[in-house]
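The file target.cif comes next; it holds mmCIF, C-alpha atoms.
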```cif
data_query
loop_
_atom_site.group_PDB
_atom_site.id
_atom_site.type_symbol
_atom_site.label_atom_id
_atom_site.label_comp_id
_atom_site.auth_asym_id
_atom_site.auth_seq_id
_atom_site.Cartn_x
_atom_site.Cartn_y
_atom_site.Cartn_z
ATOM 1 C CA MET A 1 28.896 -13.130 -23.537
ATOM 2 C CA ASP A 2 27.663 -14.854 -20.391
ATOM 3 C CA LYS A 3 23.971 -15.609 -20.306
ATOM 4 C CA LYS A 4 22.241 -13.538 -17.630
ATOM 5 C CA ARG A 5 18.874 -13.898 -15.934
ATOM 6 C CA ILE A 6 17.336 -10.437 -16.140
ATOM 7 C CA VAL A 7 14.189 -8.992 -14.598
ATOM 8 C CA ILE A 8 13.043 -5.897 -16.488
ATOM 9 C CA ALA A 9 10.735 -3.432 -14.726
ATOM 10 C CA LEU A 10 8.984 -1.407 -17.414
ATOM 11 C CA GLY A 11 7.904 2.121 -16.529
ATOM 12 C CA GLY A 12 4.890 4.021 -17.805
ATOM 13 C CA ASN A 13 6.833 5.564 -20.706
ATOM 14 C CA ALA A 14 7.237 2.054 -22.140
ATOM 15 C CA LEU A 15 3.468 1.437 -22.161
ATOM 16 C CA GLY A 16 1.704 4.681 -23.070
ATOM 17 C CA ASN A 17 -1.224 6.352 -21.287
ATOM 18 C CA ASN A 18 -4.202 4.862 -23.132
ATOM 19 C CA LEU A 19 -5.075 1.930 -25.384
ATOM 20 C CA PRO A 20 -3.950 3.446 -28.738
ATOM 21 C CA GLU A 21 -0.709 4.738 -27.180
ATOM 22 C CA GLN A 22 -0.100 1.390 -25.495
ATOM 23 C CA TYR A 23 -0.476 -0.536 -28.756
ATOM 24 C CA VAL A 24 2.183 1.655 -30.397
ATOM 25 C CA ALA A 25 4.460 1.767 -27.335
ATOM 26 C CA VAL A 26 4.700 -1.996 -26.888
ATOM 27 C CA GLN A 27 6.052 -2.341 -30.437
ATOM 28 C CA THR A 28 9.098 -0.243 -29.501
ATOM 29 C CA THR A 29 9.332 -1.848 -26.073
ATOM 30 C CA SER A 30 9.348 -5.326 -27.595
ATOM 31 C CA LYS A 31 12.266 -4.483 -29.875
ATOM 32 C CA ALA A 32 14.429 -3.492 -26.891
ATOM 33 C CA ILE A 33 13.464 -6.646 -24.961
ATOM 34 C CA ALA A 34 14.024 -8.832 -28.029
ATOM 35 C CA ASP A 35 17.553 -7.418 -28.340
ATOM 36 C CA LEU A 36 18.386 -8.928 -24.942
ATOM 37 C CA ILE A 37 16.733 -12.247 -25.731
ATOM 38 C CA GLU A 38 18.572 -12.405 -29.060
ATOM 39 C CA GLU A 39 21.853 -12.018 -27.163
ATOM 40 C CA GLY A 40 20.982 -15.166 -25.209
ATOM 41 C CA HIS A 41 19.750 -13.666 -21.946
ATOM 42 C CA GLU A 42 16.841 -15.095 -19.994
ATOM 43 C CA VAL A 43 14.269 -12.334 -19.531
ATOM 44 C CA ILE A 44 11.383 -11.886 -17.103
ATOM 45 C CA ILE A 45 9.204 -8.797 -17.525
ATOM 46 C CA SER A 46 7.330 -6.749 -14.960
ATOM 47 C CA HIS A 47 5.590 -3.445 -15.537
ATOM 48 C CA GLY A 48 3.784 -0.523 -13.988
ATOM 49 C CA ASN A 49 0.085 0.243 -14.404
ATOM 50 C CA GLY A 50 -0.395 3.718 -12.930
ATOM 51 C CA PRO A 51 -2.448 5.252 -15.761
ATOM 52 C CA GLN A 52 -4.205 1.996 -16.674
ATOM 53 C CA VAL A 53 -5.422 0.987 -13.210
ATOM 54 C CA GLY A 54 -6.778 4.481 -12.626
ATOM 55 C CA MET A 55 -8.642 4.457 -15.940
ATOM 56 C CA ILE A 56 -10.108 1.026 -15.204
ATOM 57 C CA ASN A 57 -11.210 2.126 -11.740
ATOM 58 C CA ASN A 58 -12.803 5.309 -13.118
ATOM 59 C CA ALA A 59 -14.484 3.431 -15.976
ATOM 60 C CA MET A 60 -15.983 0.822 -13.656
ATOM 61 C CA GLY A 61 -17.250 3.573 -11.372
ATOM 62 C CA ALA A 62 -18.808 5.458 -14.293
ATOM 63 C CA TYR A 63 -20.516 2.301 -15.521
ATOM 64 C CA GLY A 64 -21.878 1.656 -12.045
ATOM 65 C CA ARG A 65 -23.433 5.120 -11.998
ATOM 66 C CA MET A 66 -25.144 4.375 -15.330
ATOM 67 C CA ASP A 67 -26.354 0.863 -14.483
ATOM 68 C CA PRO A 68 -28.021 0.399 -11.076
ATOM 69 C CA ASN A 69 -27.455 -3.362 -11.323
ATOM 70 C CA HIS A 70 -23.683 -2.835 -11.373
ATOM 71 C CA PRO A 71 -21.830 -1.801 -8.179
ATOM 72 C CA THR A 72 -20.376 1.710 -8.263
ATOM 73 C CA PHE A 73 -17.293 0.553 -6.356
ATOM 74 C CA THR A 74 -14.834 -1.922 -7.885
ATOM 75 C CA PRO A 75 -12.008 -3.030 -5.551
ATOM 76 C CA LEU A 76 -8.552 -1.830 -6.577
ATOM 77 C CA SER A 77 -7.308 -5.423 -6.355
ATOM 78 C CA VAL A 78 -9.771 -6.353 -9.124
ATOM 79 C CA CYS A 79 -8.698 -3.321 -11.170
ATOM 80 C CA VAL A 80 -5.036 -4.368 -10.852
ATOM 81 C CA ALA A 81 -5.939 -7.874 -12.052
ATOM 82 C CA MET A 82 -7.739 -6.392 -15.047
ATOM 83 C CA SER A 83 -4.754 -4.167 -15.824
ATOM 84 C CA GLN A 84 -2.379 -7.151 -15.789
ATOM 85 C CA ALA A 85 -4.392 -8.877 -18.512
ATOM 86 C CA TYR A 86 -5.035 -5.634 -20.410
ATOM 87 C CA ILE A 87 -1.325 -4.765 -20.591
ATOM 88 C CA GLY A 88 -0.046 -8.342 -20.795
ATOM 89 C CA TYR A 89 -2.226 -9.101 -23.812
ATOM 90 C CA ASP A 90 -0.671 -6.326 -25.912
ATOM 91 C CA LEU A 91 2.844 -6.852 -24.590
ATOM 92 C CA GLN A 92 3.034 -10.619 -25.037
ATOM 93 C CA ASN A 93 1.632 -10.458 -28.557
ATOM 94 C CA ALA A 94 3.987 -7.651 -29.603
ATOM 95 C CA LEU A 95 7.015 -9.452 -28.154
ATOM 96 C CA ARG A 96 6.053 -12.787 -29.701
ATOM 97 C CA GLU A 97 5.680 -11.121 -33.104
ATOM 98 C CA GLU A 98 9.016 -9.320 -32.801
ATOM 99 C CA LEU A 99 10.787 -12.549 -31.885
ATOM 100 C CA LEU A 100 9.210 -14.455 -34.797
ATOM 101 C CA ASN A 101 10.306 -11.657 -37.137
ATOM 102 C CA ARG A 102 13.853 -12.404 -35.983
ATOM 103 C CA GLY A 103 13.464 -16.154 -36.413
ATOM 104 C CA ILE A 104 13.227 -16.811 -32.664
ATOM 105 C CA GLU A 105 10.457 -19.216 -31.663
ATOM 106 C CA LYS A 106 9.717 -18.651 -27.992
ATOM 107 C CA SER A 107 6.404 -18.568 -26.169
ATOM 108 C CA VAL A 108 5.491 -15.518 -24.096
ATOM 109 C CA ALA A 109 3.061 -15.913 -21.188
ATOM 110 C CA THR A 110 1.426 -13.419 -18.828
ATOM 111 C CA VAL A 111 0.887 -14.712 -15.299
ATOM 112 C CA ILE A 112 -1.926 -13.079 -13.320
ATOM 113 C CA THR A 113 0.139 -12.540 -10.199
ATOM 114 C CA GLN A 114 -0.943 -11.996 -6.596
ATOM 115 C CA VAL A 115 1.457 -10.392 -4.119
ATOM 116 C CA ARG A 116 0.927 -10.703 -0.384
ATOM 117 C CA VAL A 117 1.170 -7.599 1.778
ATOM 118 C CA ASP A 118 0.784 -6.924 5.496
ATOM 119 C CA GLU A 119 -2.661 -5.574 6.374
ATOM 120 C CA LYS A 120 -0.950 -3.536 9.146
ATOM 121 C CA ASP A 121 1.521 -1.907 6.743
ATOM 122 C CA PRO A 122 1.795 1.833 7.644
ATOM 123 C CA ALA A 123 1.176 2.693 3.985
ATOM 124 C CA PHE A 124 -2.530 2.040 4.481
ATOM 125 C CA PHE A 125 -2.601 5.062 6.780
ATOM 126 C CA ASN A 126 -0.546 7.309 4.464
ATOM 127 C CA PRO A 127 -1.483 6.858 0.774
ATOM 128 C CA THR A 128 1.308 7.992 -1.570
ATOM 129 C CA LYS A 129 1.083 5.900 -4.771
ATOM 130 C CA PRO A 130 -0.165 7.962 -7.755
ATOM 131 C CA ILE A 131 -2.647 6.308 -10.112
ATOM 132 C CA GLY A 132 -4.692 7.524 -13.041
ATOM 133 C CA PRO A 133 -4.107 10.568 -15.267
ATOM 134 C CA TYR A 134 -2.676 13.921 -14.233
ATOM 135 C CA LEU A 135 -5.330 16.329 -12.989
ATOM 136 C CA THR A 136 -5.738 20.074 -13.231
ATOM 137 C CA SER A 137 -6.264 21.967 -9.988
ATOM 138 C CA GLU A 138 -10.000 22.097 -10.732
ATOM 139 C CA GLU A 139 -10.150 18.339 -11.382
ATOM 140 C CA ALA A 140 -8.149 17.709 -8.201
ATOM 141 C CA ILE A 141 -10.652 19.710 -6.152
ATOM 142 C CA ALA A 142 -13.506 17.698 -7.681
ATOM 143 C CA ALA A 143 -11.734 14.416 -6.936
ATOM 144 C CA ILE A 144 -11.215 15.422 -3.295
ATOM 145 C CA ALA A 145 -14.919 16.288 -3.076
ATOM 146 C CA GLU A 146 -15.670 12.689 -4.150
ATOM 147 C CA GLY A 147 -13.591 11.356 -1.266
ATOM 148 C CA MET A 148 -10.359 10.638 -3.143
ATOM 149 C CA GLN A 149 -6.939 11.606 -1.830
ATOM 150 C CA VAL A 150 -4.920 13.774 -4.195
ATOM 151 C CA LYS A 151 -1.314 14.976 -4.125
ATOM 152 C CA GLU A 152 0.968 17.045 -6.327
ATOM 153 C CA ASP A 153 3.237 14.673 -8.282
ATOM 154 C CA SER A 154 6.861 15.861 -8.630
ATOM 155 C CA GLY A 155 5.954 19.154 -10.310
ATOM 156 C CA ARG A 156 3.963 17.458 -13.081
ATOM 157 C CA GLY A 157 0.426 18.075 -11.822
ATOM 158 C CA TYR A 158 -2.029 16.486 -9.417
ATOM 159 C CA ARG A 159 -2.871 12.780 -9.215
ATOM 160 C CA ARG A 160 -5.019 10.546 -7.102
ATOM 161 C CA VAL A 161 -2.974 8.597 -4.535
ATOM 162 C CA VAL A 162 -3.668 5.257 -2.873
ATOM 163 C CA ALA A 163 -1.873 3.065 -0.346
ATOM 164 C CA SER A 164 1.346 1.392 -1.526
ATOM 165 C CA PRO A 165 2.308 -1.366 0.953
ATOM 166 C CA LYS A 166 5.591 -3.265 0.655
ATOM 167 C CA PRO A 167 5.436 -6.623 -1.153
ATOM 168 C CA LEU A 168 6.171 -9.644 1.069
ATOM 169 C CA GLU A 169 5.465 -12.721 -1.057
ATOM 170 C CA ILE A 170 4.798 -13.462 -4.715
ATOM 171 C CA VAL A 171 2.077 -16.085 -4.534
ATOM 172 C CA GLU A 172 2.573 -17.511 -8.049
ATOM 173 C CA ILE A 173 6.396 -17.614 -7.905
ATOM 174 C CA GLY A 174 6.384 -21.393 -8.401
ATOM 175 C CA THR A 175 4.408 -21.012 -11.620
ATOM 176 C CA VAL A 176 6.859 -18.379 -12.873
ATOM 177 C CA ARG A 177 9.817 -20.685 -12.110
ATOM 178 C CA ASP A 178 8.171 -23.603 -13.931
ATOM 179 C CA LEU A 179 7.554 -21.466 -17.021
ATOM 180 C CA LEU A 180 11.162 -20.275 -17.040
ATOM 181 C CA THR A 181 12.383 -23.871 -16.744
ATOM 182 C CA ALA A 182 10.232 -24.708 -19.770
ATOM 183 C CA GLY A 183 11.975 -21.940 -21.739
ATOM 184 C CA GLU A 184 9.078 -19.493 -21.738
ATOM 185 C CA ILE A 185 9.379 -15.723 -21.522
ATOM 186 C CA VAL A 186 7.270 -14.594 -18.578
ATOM 187 C CA ILE A 187 5.407 -11.377 -17.814
ATOM 188 C CA ALA A 188 4.664 -11.356 -14.069
ATOM 189 C CA SER A 189 3.845 -9.082 -11.123
ATOM 190 C CA GLY A 190 2.291 -6.524 -13.462
ATOM 191 C CA GLY A 191 1.415 -3.274 -11.739
ATOM 192 C CA GLY A 192 3.287 -4.488 -8.673
ATOM 193 C CA GLY A 193 1.007 -7.510 -8.389
ATOM 194 C CA ILE A 194 -2.558 -7.895 -7.142
ATOM 195 C CA PRO A 195 -2.355 -6.863 -3.458
ATOM 196 C CA VAL A 196 -3.738 -9.563 -1.154
ATOM 197 C CA ILE A 197 -3.614 -10.514 2.501
ATOM 198 C CA ARG A 198 -3.685 -14.094 3.711
ATOM 199 C CA GLN A 199 -6.572 -15.268 5.893
ATOM 200 C CA GLY A 200 -5.884 -18.931 6.507
ATOM 201 C CA ASN A 201 -6.065 -20.536 3.060
ATOM 202 C CA HIS A 202 -7.978 -17.577 1.659
ATOM 203 C CA LEU A 203 -6.320 -14.690 -0.202
ATOM 204 C CA LYS A 204 -8.291 -11.470 0.171
ATOM 205 C CA GLY A 205 -7.727 -8.508 -2.134
ATOM 206 C CA VAL A 206 -7.076 -5.138 -0.506
ATOM 207 C CA GLY A 207 -7.440 -1.529 -1.686
ATOM 208 C CA ALA A 208 -3.898 -0.666 -2.684
ATOM 209 C CA VAL A 209 -1.377 -0.570 -5.541
ATOM 210 C CA ILE A 210 2.072 -2.019 -4.882
ATOM 211 C CA ASP A 211 5.058 -0.117 -6.267
ATOM 212 C CA LYS A 212 6.219 -2.023 -9.340
ATOM 213 C CA ASP A 213 9.912 -1.383 -8.636
ATOM 214 C CA PHE A 214 9.747 -3.002 -5.174
ATOM 215 C CA ALA A 215 7.677 -5.895 -6.542
ATOM 216 C CA SER A 216 10.181 -6.355 -9.377
ATOM 217 C CA CYS A 217 13.001 -6.352 -6.831
ATOM 218 C CA LEU A 218 11.287 -9.136 -4.876
ATOM 219 C CA LEU A 219 10.652 -11.054 -8.110
ATOM 220 C CA ALA A 220 14.319 -10.725 -9.097
ATOM 221 C CA LYS A 221 15.511 -11.915 -5.692
ATOM 222 C CA GLU A 222 13.131 -14.883 -5.648
ATOM 223 C CA LEU A 223 14.264 -15.929 -9.126
ATOM 224 C CA ASN A 224 17.958 -15.482 -8.290
ATOM 225 C CA ALA A 225 18.377 -13.021 -11.158
ATOM 226 C CA ASP A 226 21.718 -11.515 -12.100
ATOM 227 C CA PHE A 227 20.292 -8.141 -13.160
ATOM 228 C CA LEU A 228 17.326 -6.026 -12.176
ATOM 229 C CA ILE A 229 16.805 -3.413 -14.878
ATOM 230 C CA ILE A 230 14.582 -0.539 -13.783
ATOM 231 C CA LEU A 231 13.596 1.493 -16.810
ATOM 232 C CA THR A 232 12.825 5.172 -16.505
ATOM 233 C CA ALA A 233 12.733 8.415 -18.519
ATOM 234 C CA VAL A 234 16.446 9.287 -18.163
ATOM 235 C CA GLU A 235 19.606 7.470 -19.240
ATOM 236 C CA LYS A 236 21.261 7.730 -15.819
ATOM 237 C CA VAL A 237 20.485 8.714 -12.246
ATOM 238 C CA ALA A 238 21.676 12.193 -11.314
ATOM 239 C CA LEU A 239 22.730 14.069 -8.219
ATOM 240 C CA ASN A 240 21.321 17.610 -8.057
ATOM 241 C CA PHE A 241 18.996 16.776 -10.953
ATOM 242 C CA GLY A 242 18.095 19.828 -13.058
ATOM 243 C CA LYS A 243 20.560 22.113 -11.296
ATOM 244 C CA GLU A 244 23.791 23.731 -12.531
ATOM 245 C CA ASN A 245 25.880 21.204 -10.586
ATOM 246 C CA GLU A 246 23.956 18.202 -11.931
ATOM 247 C CA THR A 247 26.133 15.061 -11.863
ATOM 248 C CA TRP A 248 25.269 11.816 -13.666
ATOM 249 C CA LEU A 249 26.128 8.575 -11.890
ATOM 250 C CA ASP A 250 27.751 5.566 -13.555
ATOM 251 C CA THR A 251 28.478 2.865 -10.950
ATOM 252 C CA VAL A 252 27.720 3.370 -7.260
ATOM 253 C CA THR A 253 27.929 1.077 -4.275
ATOM 254 C CA VAL A 254 24.950 0.275 -2.089
ATOM 255 C CA GLU A 255 26.463 2.441 0.661
ATOM 256 C CA GLU A 256 26.947 5.399 -1.688
ATOM 257 C CA ALA A 257 23.434 5.104 -3.129
ATOM 258 C CA ARG A 258 21.928 4.934 0.358
ATOM 259 C CA GLN A 259 23.865 8.063 1.371
ATOM 260 C CA TYR A 260 22.709 9.999 -1.706
ATOM 261 C CA ALA A 261 19.114 8.980 -0.986
ATOM 262 C CA ALA A 262 19.428 10.152 2.631
ATOM 263 C CA GLU A 263 20.756 13.495 1.380
ATOM 264 C CA GLY A 264 17.553 14.004 -0.602
ATOM 265 C CA HIS A 265 18.918 13.782 -4.130
ATOM 266 C CA PHE A 266 16.036 11.639 -5.445
ATOM 267 C CA ALA A 267 12.399 12.745 -5.726
ATOM 268 C CA PRO A 268 10.069 10.626 -3.541
ATOM 269 C CA GLY A 269 7.431 10.206 -6.248
ATOM 270 C CA SER A 270 9.888 9.563 -9.052
ATOM 271 C CA MET A 271 13.497 8.356 -8.738
ATOM 272 C CA LEU A 272 13.639 7.499 -5.024
ATOM 273 C CA PRO A 273 11.665 4.208 -5.177
ATOM 274 C CA LYS A 274 13.770 3.107 -8.147
ATOM 275 C CA VAL A 275 17.008 3.740 -6.270
ATOM 276 C CA GLU A 276 15.643 2.095 -3.102
ATOM 277 C CA ALA A 277 14.577 -0.989 -5.070
ATOM 278 C CA GLY A 278 18.000 -1.076 -6.747
ATOM 279 C CA ILE A 279 19.710 -0.922 -3.356
ATOM 280 C CA ALA A 280 17.555 -3.736 -1.970
ATOM 281 C CA PHE A 281 18.366 -6.003 -4.914
ATOM 282 C CA ALA A 282 22.089 -5.208 -5.070
ATOM 283 C CA GLU A 283 22.644 -5.761 -1.358
ATOM 284 C CA SER A 284 20.952 -9.172 -1.523
ATOM 285 C CA GLY A 285 23.986 -10.779 -3.185
ATOM 286 C CA PRO A 286 27.543 -9.937 -4.302
ATOM 287 C CA GLU A 287 26.908 -10.930 -7.916
ATOM 288 C CA ARG A 288 23.664 -8.999 -8.270
ATOM 289 C CA THR A 289 23.478 -5.691 -10.135
ATOM 290 C CA ALA A 290 20.665 -3.170 -10.388
ATOM 291 C CA LEU A 291 20.652 -1.020 -13.516
ATOM 292 C CA ILE A 292 18.587 2.153 -13.941
ATOM 293 C CA THR A 293 18.388 3.508 -17.488
ATOM 294 C CA LEU A 294 16.284 4.236 -20.571
ATOM 295 C CA LEU A 295 14.428 1.432 -22.346
ATOM 296 C CA GLU A 296 16.406 1.849 -25.568
ATOM 297 C CA LYS A 297 19.678 1.789 -23.600
ATOM 298 C CA ALA A 298 18.989 -1.495 -21.765
ATOM 299 C CA ARG A 299 21.313 -3.591 -23.948
ATOM 300 C CA ASP A 300 24.135 -1.035 -23.706
ATOM 301 C CA GLY A 301 23.563 -0.890 -19.945
ATOM 302 C CA ILE A 302 23.928 -4.662 -19.570
ATOM 303 C CA ASN A 303 27.175 -4.397 -21.525
ATOM 304 C CA GLY A 304 28.454 -1.674 -19.180
ATOM 305 C CA LYS A 305 28.276 1.181 -21.681
ATOM 306 C CA THR A 306 25.679 3.395 -20.005
ATOM 307 C CA GLY A 307 23.069 3.620 -17.268
ATOM 308 C CA THR A 308 23.543 3.784 -13.511
ATOM 309 C CA ARG A 309 24.637 0.528 -11.878
ATOM 310 C CA ILE A 310 24.178 -0.195 -8.209
ATOM 311 C CA ARG A 311 26.368 -2.961 -6.783
ATOM 312 C CA LEU A 312 27.116 -4.256 -3.305
ATOM 313 C CA ASN A 313 30.711 -2.975 -3.462
#
```

Represent the supplied structure as structure tokens.
Amino acid sequence: MDKKRIVIALGGNALGNNLPEQYVAVQTTSKAIADLIEEGHEVIISHGNGPQVGMINNAMGAYGRMDPNHPTFTPLSVCVAMSQAYIGYDLQNALREELLNRGIEKSVATVITQVRVDEKDPAFFNPTKPIGPYLTSEEAIAAIAEGMQVKEDSGRGYRRVVASPKPLEIVEIGTVRDLLTAGEIVIASGGGGIPVIRQGNHLKGVGAVIDKDFASCLLAKELNADFLIILTAVEKVALNFGKENETWLDTVTVEEARQYAAEGHFAPGSMLPKVEAGIAFAESGPERTALITLLEKARDGINGKTGTRIRLN
């Protein structure tokens, strides 16, 4: 089998919703990633942080209300940085242990990653990115009363939403490349990256959360990856999802995927950003493939046995 450079974008189901769940989830996640490494592939890992960054933000706010010496407001950029270390710590240790159990001695490193965005991005005027836990209608009303913006999330409940600008530049991309050259396994752009704007030589954090699928797409393009694997809660992407005429997709071209998206087949808060990120990666080169599938099906997907593949043609 040809060795592939693969960027894996882990979804929330691969990480759990709290610390105990995360500790258990990363054990299973690490087994699936180790399968790919054992086959000889070069793997870079990115991940979401929707529940974690919301919990961190809420916890810091609660602490600030208890301690007058601590600010009640903690910037989202700081919360994203904290979530990268919080998730990366568990993930890198679990993966390292799984590899050693298989006789594979490879270092795993988490890079605290900043991602530059445009301060004039329209997303700052239309927050859509859900963070934190699902809320009841009563909790949503209370959150709105505290000045938060809340939206219904794909039929699953209410969640707080924040701005989600498009990623433009991965600031630490050189560090990631150097680690890969040294044979390390890298966890980077966690939670979509710490959102920053450039002011001369200064990088200033901004109040936003970048979509991890778009950030992973940029990471994959910058690293000249062969595959971008976007992991989700279903084995394949579907047309007419949940309806009697539901149709699962195997391999689609960029043009076909774009048409299906325009026809409204993919939920904006769920599958749509995954498909859009897959399109953006696949159209960036003829040998590049985006794969959307379940975590435990990643190896079969790489081998063409399952999942939805998006290719240029």

Enclosing box along x, y and z for every listed atom of region 196-208 of chain A, padded 6 Å each side, centre and size in Å, one decimal, as JSON:
```
{"center_x": -6.0, "center_y": -10.6, "center_z": 1.9, "size_x": 16.7, "size_y": 31.9, "size_z": 21.2}
```

Item to complete: Kindly indicate which residue among A:Glu38, A:Glu139, A:Glu235, A:Glu283 lies nearest to Val252 (chain A), using all atoms listed in the file for the distances.
Response: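 Closest candidate: A:Glu283.
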
Worksheet entry | Result set, the PyMOL selection byres ((chain A and resi 152) around 10) on current file, as an NGL selection string | :A and (130 or 134-135 or 137 or 140 or 150-151 or 153-161 or 269)

Discussion item. Report, in Å with one decimal, the straight-line distance from CA of Arg116 (chain A) to CA of Ala59 (chain A).
Written reply: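 Interatomic distance here is 26.1 Å.
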
Practice prompt. Could you pull out every residue with an atom within 9 Å of (-8.1, -11.3, -4.6), file coordinates, counting only C-alpha atoms, and send them as a ChimeraX atom specification?
Written response: /A:77-78,81,114,194-197,202-206

Take the residues from that selection and write them out as an mmCIF file, in the coordinates of the input, keeping C-alpha atoms.
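Full text of part.cif as output:
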```cif
data_model
loop_
_atom_site.group_PDB
_atom_site.id
_atom_site.type_symbol
_atom_site.label_atom_id
_atom_site.label_comp_id
_atom_site.auth_asym_id
_atom_site.auth_seq_id
_atom_site.Cartn_x
_atom_site.Cartn_y
_atom_site.Cartn_z
ATOM 1 C CA SER A 77 -7.308 -5.423 -6.355
ATOM 2 C CA VAL A 78 -9.771 -6.353 -9.124
ATOM 3 C CA ALA A 81 -5.939 -7.874 -12.052
ATOM 4 C CA GLN A 114 -0.943 -11.996 -6.596
ATOM 5 C CA ILE A 194 -2.558 -7.895 -7.142
ATOM 6 C CA PRO A 195 -2.355 -6.863 -3.458
ATOM 7 C CA VAL A 196 -3.738 -9.563 -1.154
ATOM 8 C CA ILE A 197 -3.614 -10.514 2.501
ATOM 9 C CA HIS A 202 -7.978 -17.577 1.659
ATOM 10 C CA LEU A 203 -6.320 -14.690 -0.202
ATOM 11 C CA LYS A 204 -8.291 -11.470 0.171
ATOM 12 C CA GLY A 205 -7.727 -8.508 -2.134
ATOM 13 C CA VAL A 206 -7.076 -5.138 -0.506
#
```

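Ranking A:Ala145, A:Ile104, A:Ala109, A:Cys217 by their shortest atom-to-atom distance to Glu39 (chain A), with all atoms listed in the file included, puts A:Ile104 first.
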
Worksheet entry | Evaluate the PyMOL selection byres ((chain A and resi 17) around 10) and report residues as an NGL selection string | :A and (12-16 or 18-22 or 25 or 49-52 or 55 or 132-133)

Worksheet item: So which one's closest to Ser107 (chain A), A:Asp250, A:Glu256, A:Glu184, A:Glu172? Using only C-alpha atoms, please.
Response: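 Among the listed residues, A:Glu184 lies closest to Ser107 (chain A).
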
Fill in: Residues selected by the PyMOL selection byres ((chain A and resi 238) around 7), written as a PyMOL selection string
chain A and resi 236-237+239-241+246-249

Worksheet item: For the atom pair CA of Lys4 (chain A) and CA of Ser83 (chain A), what is the interatomic distance in Å to one decimal place?
Response: 28.6 Å

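Here CA of Gly103 (chain A) and CA of Leu180 (chain A) stand 19.9 Å from one another.
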
Fill in: Distance criterion (only C-alpha atoms): nearest to Ala257 (chain A) out of A:Gly242, A:Gly192, A:Pro167, A:Pro273
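Once distances to Ala257 (chain A) are computed over only C-alpha atoms, the minimum belongs to A:Pro273.
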